[in-house]
Amino acid sequence: MEEESGEELGLDRSTPKDFHFYHMDLYDSEDRPQLFPEENPRMRKEVVQAETANESTGAGDGKAQSDLREEVEELVHLYGLEDDHELGDEFVDENMPKMGVSEYPPYGMKRRDPAREQRDWRLSGEAAEAEDLGFGGWGSAGQCQDLREVYRYTHGRASEEYECYVIPEEEDEEEAADVFCVTCKTPIRAFQKVFDEHKEHEVIPLSEALESAKDEIHKNMYKLEKQIIDMENFANHLEEVFITVEENFGKQEQNFESHYNEILETLAQKYEEKIQALGEKKKERLEALYGQLVSCGENLDTCKELMETIEEMCHEEKVDFIKDAVAMADRLGKFLKTKTDVEISAQPDFEDQTLDFSDVEQLMDSINTIPAPSAPVINPQAPNSATGSSVRVCWSLYSDDTVESYQLSYRPVQDSSPGKDQAAPSPPIIKTKEIRSCEEAVLICWESGNLNPVDSYTVELTQAESPEASGVTESVVGIPTCESLVQLQPGQSYIIYVRALNMGGPSVRSEPATVHTIGSYFRLNKDTCHPWLAISQDGLTIIRSERSTPRREPPPSDTRFTRCVAVMGNLIPVRGHHYWEVEVNEHLDYTVGVAFEDVPKQEDLGANCLSWCMRHTFASSRHKYEFLHNRTTPDIRITVPPKKIGILLDYENSKLSFFNVDLSQHLYTFSCQLHKFVHPCFSLEKPGCLKIHNGISMPKHVTFY
Amino acid sequence: MALKQISSNKCFGGLQKVFEHDSVELNCKMKFAVYLPPKAETGKCPALYWLSGLTCTEQNFISKSGYHQAASEHGLVVIAPDTSPRGCNIKGEDESWDFGTGAGFYVDATEDPWKTNYRMYSYVTEELPQLINANFPVDPQRTSIFGHSMGGHGALICALKNPGKYKSVSAFAPICNPVLCPWGKKAFSGYLGTDQSKWKAYDATHLVKSYPGSQLDILIDQGKDDQFLLDGQLLPDNFIAACTEKKIPVVFRLQEGYDHSYYFIATFITDHIRHHAKYLNA
């Protein structure tokens, strides 16, 4: 008892206000709150009994436990946890009959079954460390507080949780259960490990067991949540399917109804027709028969008449008789000669009617077929979709239809163009030297070829050496100016013509120009060329010649380089990859790179942020390489001077790379923001020449960059 | 030779593994790291060897350099051995950080007490490749080598002493001219003795001067703020001059603000791997 009261006192600290009646001291006071008025006497009785028990610790424990059981039962009712049958029932069962003190010890000892342990676990709740429970202070307020909290926490959770684990309980006040036997799934006292059936079993500390219990709960919670989500998704899905079934049914119903009606109408029609035909036949036959009947009657009449005449004759005088007889004999002879038709002209039987239901059968069969689609709608003609000999037609489909194929047919319509008295224009002249291309497009420009203005131009292109030699000509119509950017396929060759168009019609084709979509083609722009540079005929070689006499600096200009002895190329304005090569001399001072069109022409290449370039300077037998942008360069040494420099301009990745082509060596890569289009640029700081090679597809080693 | 797997971690779709084995050349247990890219599951891949610098083990490169993404994308098997034999119980091997343990200098030592174990040159050029070729899906004809500092020196000398064996070579802050720098002098006198002619056989600058072999394309990155550069341990200028003379293609990049650390390596490792991929995947 002492221990118990010590317990109680010890746990006083955690006593919540409304549970202080559980304090041992209060058992004898009137403070017992209204909550459990009817229990008071019983509790008191137990207490008294316990106090008189003078039993071992087990007894005290047992009493405390049964106290607690009572309280638990009350709480069960209080919180409506009626489903926790195992809890309430046991308590009820055990509490009711077993009031005798003598029951306690064995009772206490017996109570090592899962049910009680279950309860104990719940009582301990979250903080069920051994130390909290101390030495079985079951009767204390602290325990009950824990209990209430536990119930709050576990209310509404799956009841199976309660079966999982066992939290150690204190059997004895000296030794609380402080370890957990995994094998038996029960808490035991440490020393029990050594003895008893737990000798061979695996044992883990209480806290661990508690943790794993919590984990298990959390896992189960998680599984349940997942299941909720799954079921909700499934329910949504079912709804959708439900709606779709309704829709599909509606369609089928409609379809069948119309077919069915059609069949019925056809059958009705057939019936009418057939009946009518039979009627006609009947009328026909009857008429024939009637005709026969009438002629038969006539025949009979004639026969009778003759008969009478003959009989009269037989009664005449011999002389008259002979006169008449001869006449009669003629008449008879004649009469009998006329054929009497005794064949019945019309048979009474109607032959069996064959009924032709083939079209009905057809209708029946077609019930299951897909209804014919609705007519497509042709889109209005798009600009640039027609050529002199072809037109691109687009149409859209009614979405409910199933379509296997389309049939396109056309016929020419009389062109109601106004007066053809105006002469067609002359063909334009393509500026072949100014064609710029890359792997995906070509930019062509031409001279009008006409003094008078024309309405528009048409560009026509065919693939050279294409298998369909009849030449699928693609054309671009309605071009207002003398240039056009046309998209092409990479790695092909094209032949291009241009026509001019006016009211009088189209001109003949211009002279052709050939374009190869391999690599990028560009030519140098003479307008940008510094006066001290000369450009070769083919537009690909830049020469700075020696001049003994010093030259005047040219006046500043926006298009022409004035300070830097440079020239720019005209690269096709298409974002993508562009690759070209420049042949240089080892001892040459040169700069190669790219620049925006509006790069300041009074500055050196690379001295501003509108240009990026590689500069080579050869002085005192030493090669210096700089990669300039905005006057800055990284510190790079190159041991083998390149003789041919490959330049890769990559708009997509915003990079400009330089390579030693002969060695497949990568030299340097700029990261550059290319918001506009750039053009290749070249300069010569000393006399010499640079030879440009283009139309080269990217070598493999370049593709790594 | 039996390989014992120490660890395996999935990385960028491939596997970073560490193995241990009994080395014949080094007479001790050696660890090495090997990265198998996703492509290795279905076919043989080229092999790229990384040699680490002073005080490193097989761990530094695989944890700090961030090379896995590039190796995975280019489909390269990357092998990183340790930098010296370990646990040999040689007197003096742990006395300094730049000689002995963690400082094998990729030579075959000729002096006692080092000559039994300190044969990193043969280990890297012979034993390890044989082991890798026998146990991993690599193409023995496509191999390249690179490294950092002492490992940069190792990569350069392995490539220069074995023309045609490596398709490409690159280095981060390599010790280019060891016979003239304090590190080299200390190591070579310890491993190789006082005969300087033996030293030259392991000096990249000297080897270049008599390099007869096939075209090499060398990429070198050097941090401008590298303390060891300023201390005269690395001497890249000598190497560049020799290469210019002999027309050996080198692109040497002096990187502003960068030092000797793995942060520097991590910044440019992708460029180096791409450099090797260009030749290994050609």
# chains A, B, ... in the order shown; residues from 1 in each chain; ligands from 1
>>> interface_residues(of="chain B", to="chain A", cutoff="12 Å", atoms="only C-alpha atoms", output="ChimeraX atom specification")
/B:70,73-74,168,214-224,236-257,270-282
>>> residues_around(residues="segment 120-124 of chain B", least_positions_apart="6", cutoff="10 Å", atoms="only C-alpha atoms", output="list in words")
Ser23, Val24, Glu25, Leu26, Tyr49, Trp50, Leu51, Ala80, Pro81, Asp82, Thr83, Ser84, Pro85, Ala103, Gly104, Phe105, Tyr106, Val107, Asp108, Ala109, Gln130, Gly154, Ala155, Ile157, Cys158 and Tyr202 of chain B
>>> write_last_selection(atoms="N, CA and C atoms", output="PDB file, in the first residue's frame")
ATOM      1  N   SER B  23      46.620  -6.889 -55.730  1.00  0.00           N
ATOM      2  CA  SER B  23      47.430  -6.462 -56.867  1.00  0.00           C
ATOM      3  C   SER B  23      48.752  -7.205 -56.898  1.00  0.00           C
ATOM      4  N   VAL B  24      49.082  -7.668 -58.097  1.00  0.00           N
ATOM      5  CA  VAL B  24      50.350  -8.390 -58.258  1.00  0.00           C
ATOM      6  C   VAL B  24      51.501  -7.395 -58.323  1.00  0.00           C
ATOM      7  N   GLU B  25      51.296  -6.326 -59.065  1.00  0.00           N
ATOM      8  CA  GLU B  25      52.369  -5.334 -59.192  1.00  0.00           C
ATOM      9  C   GLU B  25      52.684  -4.674 -57.864  1.00  0.00           C
ATOM     10  N   LEU B  26      51.640  -4.384 -57.113  1.00  0.00           N
ATOM     11  CA  LEU B  26      51.825  -3.583 -55.907  1.00  0.00           C
ATOM     12  C   LEU B  26      51.910  -4.435 -54.647  1.00  0.00           C
ATOM     13  N   TYR B  49      40.313   6.392 -68.177  1.00  0.00           N
ATOM     14  CA  TYR B  49      40.990   6.231 -66.882  1.00  0.00           C
ATOM     15  C   TYR B  49      41.265   7.594 -66.275  1.00  0.00           C
ATOM     16  N   TRP B  50      40.952   7.738 -65.000  1.00  0.00           N
ATOM     17  CA  TRP B  50      41.229   8.977 -64.277  1.00  0.00           C
ATOM     18  C   TRP B  50      42.281   8.691 -63.224  1.00  0.00           C
ATOM     19  N   LEU B  51      43.315   9.532 -63.204  1.00  0.00           N
ATOM     20  CA  LEU B  51      44.348   9.382 -62.179  1.00  0.00           C
ATOM     21  C   LEU B  51      44.275  10.584 -61.238  1.00  0.00           C
ATOM     22  N   ALA B  80      38.753   4.802 -61.915  1.00  0.00           N
ATOM     23  CA  ALA B  80      39.587   5.670 -61.077  1.00  0.00           C
ATOM     24  C   ALA B  80      40.296   4.822 -60.017  1.00  0.00           C
ATOM     25  N   PRO B  81      41.585   4.537 -60.228  1.00  0.00           N
ATOM     26  CA  PRO B  81      42.297   3.755 -59.213  1.00  0.00           C
ATOM     27  C   PRO B  81      42.758   4.634 -58.049  1.00  0.00           C
ATOM     28  N   ASP B  82      43.319   3.997 -57.064  1.00  0.00           N
ATOM     29  CA  ASP B  82      43.919   4.687 -55.930  1.00  0.00           C
ATOM     30  C   ASP B  82      45.247   5.299 -56.391  1.00  0.00           C
ATOM     31  N   THR B  83      45.836   6.131 -55.556  1.00  0.00           N
ATOM     32  CA  THR B  83      47.035   6.861 -55.997  1.00  0.00           C
ATOM     33  C   THR B  83      48.347   6.216 -55.570  1.00  0.00           C
ATOM     34  N   SER B  84      48.267   5.152 -54.748  1.00  0.00           N
ATOM     35  CA  SER B  84      49.512   4.477 -54.340  1.00  0.00           C
ATOM     36  C   SER B  84      49.131   3.172 -53.656  1.00  0.00           C
ATOM     37  N   PRO B  85      50.090   2.278 -53.474  1.00  0.00           N
ATOM     38  CA  PRO B  85      49.789   1.084 -52.670  1.00  0.00           C
ATOM     39  C   PRO B  85      49.519   1.514 -51.236  1.00  0.00           C
ATOM     40  N   ALA B 103      50.954   9.145 -52.737  1.00  0.00           N
ATOM     41  CA  ALA B 103      51.822   9.936 -53.624  1.00  0.00           C
ATOM     42  C   ALA B 103      52.698   8.997 -54.417  1.00  0.00           C
ATOM     43  N   GLY B 104      52.063   8.118 -55.188  1.00  0.00           N
ATOM     44  CA  GLY B 104      52.816   7.118 -55.926  1.00  0.00           C
ATOM     45  C   GLY B 104      53.535   7.673 -57.138  1.00  0.00           C
ATOM     46  N   PHE B 105      53.107   8.823 -57.614  1.00  0.00           N
ATOM     47  CA  PHE B 105      53.710   9.490 -58.760  1.00  0.00           C
ATOM     48  C   PHE B 105      53.719   8.662 -60.029  1.00  0.00           C
ATOM     49  N   TYR B 106      52.965   7.593 -60.025  1.00  0.00           N
ATOM     50  CA  TYR B 106      52.778   6.787 -61.245  1.00  0.00           C
ATOM     51  C   TYR B 106      54.104   6.387 -61.884  1.00  0.00           C
ATOM     52  N   VAL B 107      55.068   5.974 -61.045  1.00  0.00           N
ATOM     53  CA  VAL B 107      56.355   5.484 -61.557  1.00  0.00           C
ATOM     54  C   VAL B 107      56.524   4.055 -61.078  1.00  0.00           C
ATOM     55  N   ASP B 108      57.478   3.369 -61.623  1.00  0.00           N
ATOM     56  CA  ASP B 108      57.888   2.064 -61.086  1.00  0.00           C
ATOM     57  C   ASP B 108      59.186   2.317 -60.323  1.00  0.00           C
ATOM     58  N   ALA B 109      59.075   2.277 -59.025  1.00  0.00           N
ATOM     59  CA  ALA B 109      60.247   2.614 -58.209  1.00  0.00           C
ATOM     60  C   ALA B 109      61.359   1.594 -58.394  1.00  0.00           C
ATOM     61  N   GLN B 130      44.204  -4.790 -67.810  1.00  0.00           N
ATOM     62  CA  GLN B 130      43.922  -6.211 -68.048  1.00  0.00           C
ATOM     63  C   GLN B 130      42.755  -6.659 -67.174  1.00  0.00           C
ATOM     64  N   GLY B 154      50.628  11.820 -64.378  1.00  0.00           N
ATOM     65  CA  GLY B 154      50.524  10.401 -64.691  1.00  0.00           C
ATOM     66  C   GLY B 154      49.879  10.178 -66.046  1.00  0.00           C
ATOM     67  N   ALA B 155      48.797  10.919 -66.317  1.00  0.00           N
ATOM     68  CA  ALA B 155      48.101  10.738 -67.589  1.00  0.00           C
ATOM     69  C   ALA B 155      49.008  11.118 -68.750  1.00  0.00           C
ATOM     70  N   ILE B 157      52.312  11.197 -68.912  1.00  0.00           N
ATOM     71  CA  ILE B 157      53.430  10.292 -69.163  1.00  0.00           C
ATOM     72  C   ILE B 157      52.948   8.952 -69.677  1.00  0.00           C
ATOM     73  N   CYS B 158      51.816   8.469 -69.189  1.00  0.00           N
ATOM     74  CA  CYS B 158      51.310   7.199 -69.715  1.00  0.00           C
ATOM     75  C   CYS B 158      51.029   7.320 -71.196  1.00  0.00           C
ATOM     76  N   TYR B 202      60.133   9.715 -66.791  1.00  0.00           N
ATOM     77  CA  TYR B 202      58.804   9.944 -66.229  1.00  0.00           C
ATOM     78  C   TYR B 202      58.441  11.421 -66.229  1.00  0.00           C
TER      79      TYR B 202
END
>>> select_by_dssp(residues="segment 20-74 of chain B", states="alpha helix (DSSP H)", output="list in words")
Glu58, Gln59, Asn60, Phe61, Ile62, Ser63, Lys64, His68, Gln69, Ala70, Ala71, Ser72, Glu73 and His74 of chain B
>>> write_last_selection(atoms="N, CA and C atoms", output="short mmCIF file (atom, residue, chain, number, x, y, z; two decimals), in the first residue's frame")
data_model
loop_
_atom_site.label_atom_id
_atom_site.label_comp_id
_atom_site.auth_asym_id
_atom_site.auth_seq_id
_atom_site.Cartn_x
_atom_site.Cartn_y
_atom_site.Cartn_z
N GLU B 58 40.61 6.45 -54.18
CA GLU B 58 39.66 6.24 -55.28
C GLU B 58 38.34 6.95 -55.03
N GLN B 59 38.18 7.53 -53.85
CA GLN B 59 36.90 8.15 -53.49
C GLN B 59 36.76 9.59 -53.95
N ASN B 60 37.86 10.35 -53.94
CA ASN B 60 37.73 11.78 -54.18
C ASN B 60 37.08 12.09 -55.51
N PHE B 61 37.56 11.44 -56.55
CA PHE B 61 37.05 11.76 -57.87
C PHE B 61 35.57 11.42 -57.99
N ILE B 62 35.19 10.24 -57.47
CA ILE B 62 33.81 9.82 -57.70
C ILE B 62 32.84 10.60 -56.83
N SER B 63 33.32 11.19 -55.74
CA SER B 63 32.38 11.94 -54.93
C SER B 63 32.36 13.43 -55.24
N LYS B 64 33.45 13.97 -55.74
CA LYS B 64 33.50 15.43 -55.80
C LYS B 64 33.46 16.01 -57.21
N HIS B 68 29.60 12.15 -63.46
CA HIS B 68 28.73 11.04 -63.86
C HIS B 68 27.78 11.39 -64.98
N GLN B 69 27.24 12.61 -64.96
CA GLN B 69 26.25 12.94 -65.98
C GLN B 69 26.86 12.88 -67.37
N ALA B 70 28.03 13.50 -67.52
CA ALA B 70 28.68 13.49 -68.83
C ALA B 70 29.07 12.08 -69.23
N ALA B 71 29.58 11.30 -68.27
CA ALA B 71 30.00 9.93 -68.60
C ALA B 71 28.80 9.11 -69.03
N SER B 72 27.67 9.34 -68.36
CA SER B 72 26.46 8.61 -68.70
C SER B 72 25.99 8.98 -70.10
N GLU B 73 25.98 10.30 -70.39
CA GLU B 73 25.48 10.75 -71.69
C GLU B 73 26.35 10.26 -72.83
N HIS B 74 27.66 10.28 -72.62
CA HIS B 74 28.54 9.86 -73.70
C HIS B 74 28.80 8.37 -73.69
#
>>> residues_around(residues="Asp356 of chain A", least_positions_apart="3", cutoff="9 Å", atoms="only C-alpha atoms", output="ChimeraX atom specification")
/A:270,359-360
>>> write_last_selection(atoms="N, CA, C and O atoms", output="short mmCIF file (atom, residue, chain, number, x, y, z; two decimals), in the first residue's frame")
data_model
loop_
_atom_site.label_atom_id
_atom_site.label_comp_id
_atom_site.auth_asym_id
_atom_site.auth_seq_id
_atom_site.Cartn_x
_atom_site.Cartn_y
_atom_site.Cartn_z
N LYS A 270 -43.78 -2.48 -100.96
CA LYS A 270 -43.79 -3.71 -101.74
C LYS A 270 -45.14 -4.39 -101.71
O LYS A 270 -45.61 -4.92 -102.72
N ASP A 359 -34.00 -5.96 -101.88
CA ASP A 359 -33.63 -4.65 -101.36
C ASP A 359 -33.92 -4.54 -99.86
O ASP A 359 -33.20 -3.83 -99.14
N VAL A 360 -34.91 -5.25 -99.41
CA VAL A 360 -35.16 -5.24 -97.96
C VAL A 360 -33.99 -5.90 -97.25
O VAL A 360 -33.51 -5.43 -96.23
#
>>> closest_residue(among="B:Asp225, B:Asp203, B:Asp259, B:Glu126", to="Phe188 of chain B", atoms="only C-alpha atoms")
B:Asp203
>>> select_by_dssp(residues="segment 44-130 of chain B", states="strand (DSSP E)", output="MDAnalysis selection string")
chainID B and resid 45:51 77:81
>>> write_last_selection(atoms="all heavy atoms", output="short mmCIF file (atom, residue, chain, number, x, y, z; two decimals), in the first residue's frame")
data_model
loop_
_atom_site.label_atom_id
_atom_site.label_comp_id
_atom_site.auth_asym_id
_atom_site.auth_seq_id
_atom_site.Cartn_x
_atom_site.Cartn_y
_atom_site.Cartn_z
N CYS B 45 31.67 -0.58 -73.99
CA CYS B 45 31.86 0.86 -74.04
C CYS B 45 33.35 1.18 -74.03
O CYS B 45 34.15 0.38 -73.57
CB CYS B 45 31.23 1.52 -72.82
SG CYS B 45 29.45 1.30 -72.79
N PRO B 46 33.72 2.40 -74.46
CA PRO B 46 35.12 2.79 -74.33
C PRO B 46 35.46 3.01 -72.86
O PRO B 46 34.57 3.25 -72.03
CB PRO B 46 35.21 4.10 -75.11
CG PRO B 46 33.91 4.28 -75.78
CD PRO B 46 32.92 3.41 -75.12
N ALA B 47 36.77 2.96 -72.56
CA ALA B 47 37.21 3.09 -71.18
C ALA B 47 38.00 4.38 -71.03
O ALA B 47 38.84 4.71 -71.86
CB ALA B 47 38.08 1.90 -70.79
N LEU B 48 37.71 5.12 -69.96
CA LEU B 48 38.42 6.37 -69.67
C LEU B 48 39.00 6.24 -68.27
O LEU B 48 38.29 6.00 -67.31
CB LEU B 48 37.42 7.53 -69.75
CG LEU B 48 37.93 8.93 -69.45
CD1 LEU B 48 39.07 9.29 -70.37
CD2 LEU B 48 36.80 9.93 -69.60
N TYR B 49 40.31 6.39 -68.18
CA TYR B 49 40.99 6.23 -66.88
C TYR B 49 41.26 7.59 -66.27
O TYR B 49 41.77 8.50 -66.94
CB TYR B 49 42.32 5.48 -67.07
CG TYR B 49 42.13 4.01 -67.36
CD1 TYR B 49 41.85 3.57 -68.65
CD2 TYR B 49 42.21 3.06 -66.34
CE1 TYR B 49 41.66 2.22 -68.91
CE2 TYR B 49 42.02 1.71 -66.60
CZ TYR B 49 41.75 1.31 -67.88
OH TYR B 49 41.55 -0.03 -68.14
N TRP B 50 40.95 7.74 -65.00
CA TRP B 50 41.23 8.98 -64.28
C TRP B 50 42.28 8.69 -63.22
O TRP B 50 42.13 7.76 -62.43
CB TRP B 50 39.95 9.49 -63.61
CG TRP B 50 40.23 10.55 -62.59
CD1 TRP B 50 40.43 10.38 -61.25
CD2 TRP B 50 40.36 11.94 -62.81
NE1 TRP B 50 40.67 11.56 -60.62
CE2 TRP B 50 40.62 12.56 -61.57
CE3 TRP B 50 40.26 12.75 -63.94
CZ2 TRP B 50 40.79 13.94 -61.44
CZ3 TRP B 50 40.42 14.12 -63.81
CH2 TRP B 50 40.69 14.69 -62.56
N LEU B 51 43.32 9.53 -63.20
CA LEU B 51 44.35 9.38 -62.18
C LEU B 51 44.28 10.58 -61.24
O LEU B 51 44.41 11.73 -61.67
CB LEU B 51 45.73 9.31 -62.85
CG LEU B 51 45.90 8.19 -63.88
CD1 LEU B 51 47.30 8.21 -64.48
CD2 LEU B 51 45.63 6.83 -63.25
N VAL B 77 32.87 4.17 -69.85
CA VAL B 77 33.20 3.51 -68.58
C VAL B 77 34.39 4.27 -67.99
O VAL B 77 35.41 4.43 -68.66
CB VAL B 77 33.57 2.03 -68.81
CG1 VAL B 77 34.15 1.41 -67.55
CG2 VAL B 77 32.35 1.25 -69.26
N VAL B 78 34.25 4.76 -66.78
CA VAL B 78 35.31 5.58 -66.18
C VAL B 78 35.91 4.82 -65.00
O VAL B 78 35.19 4.38 -64.10
CB VAL B 78 34.76 6.93 -65.71
CG1 VAL B 78 35.87 7.77 -65.10
CG2 VAL B 78 34.11 7.67 -66.87
N ILE B 79 37.24 4.67 -65.04
CA ILE B 79 37.93 3.91 -63.99
C ILE B 79 38.85 4.83 -63.22
O ILE B 79 39.64 5.58 -63.82
CB ILE B 79 38.76 2.77 -64.62
CG1 ILE B 79 37.88 1.85 -65.46
CG2 ILE B 79 39.48 1.97 -63.55
CD1 ILE B 79 38.15 1.92 -66.92
N ALA B 80 38.75 4.80 -61.91
CA ALA B 80 39.59 5.67 -61.08
C ALA B 80 40.30 4.82 -60.02
O ALA B 80 39.69 4.43 -59.03
CB ALA B 80 38.72 6.74 -60.40
N PRO B 81 41.58 4.54 -60.23
CA PRO B 81 42.30 3.75 -59.21
C PRO B 81 42.76 4.63 -58.05
O PRO B 81 42.63 5.86 -58.09
CB PRO B 81 43.51 3.22 -59.99
CG PRO B 81 43.73 4.21 -61.08
CD PRO B 81 42.39 4.80 -61.42
#
>>> residues_around(residues="Val179 of chain A", least_positions_apart="6", cutoff="6 Å", atoms="only C-alpha atoms", output="PyMOL selection string")
chain A and resi 187-188+190+204-206
>>> atom_distance(atom1="atom CA of Ala595 of chain A", atom2="atom CA of Val565 of chain A")
14.3 Å
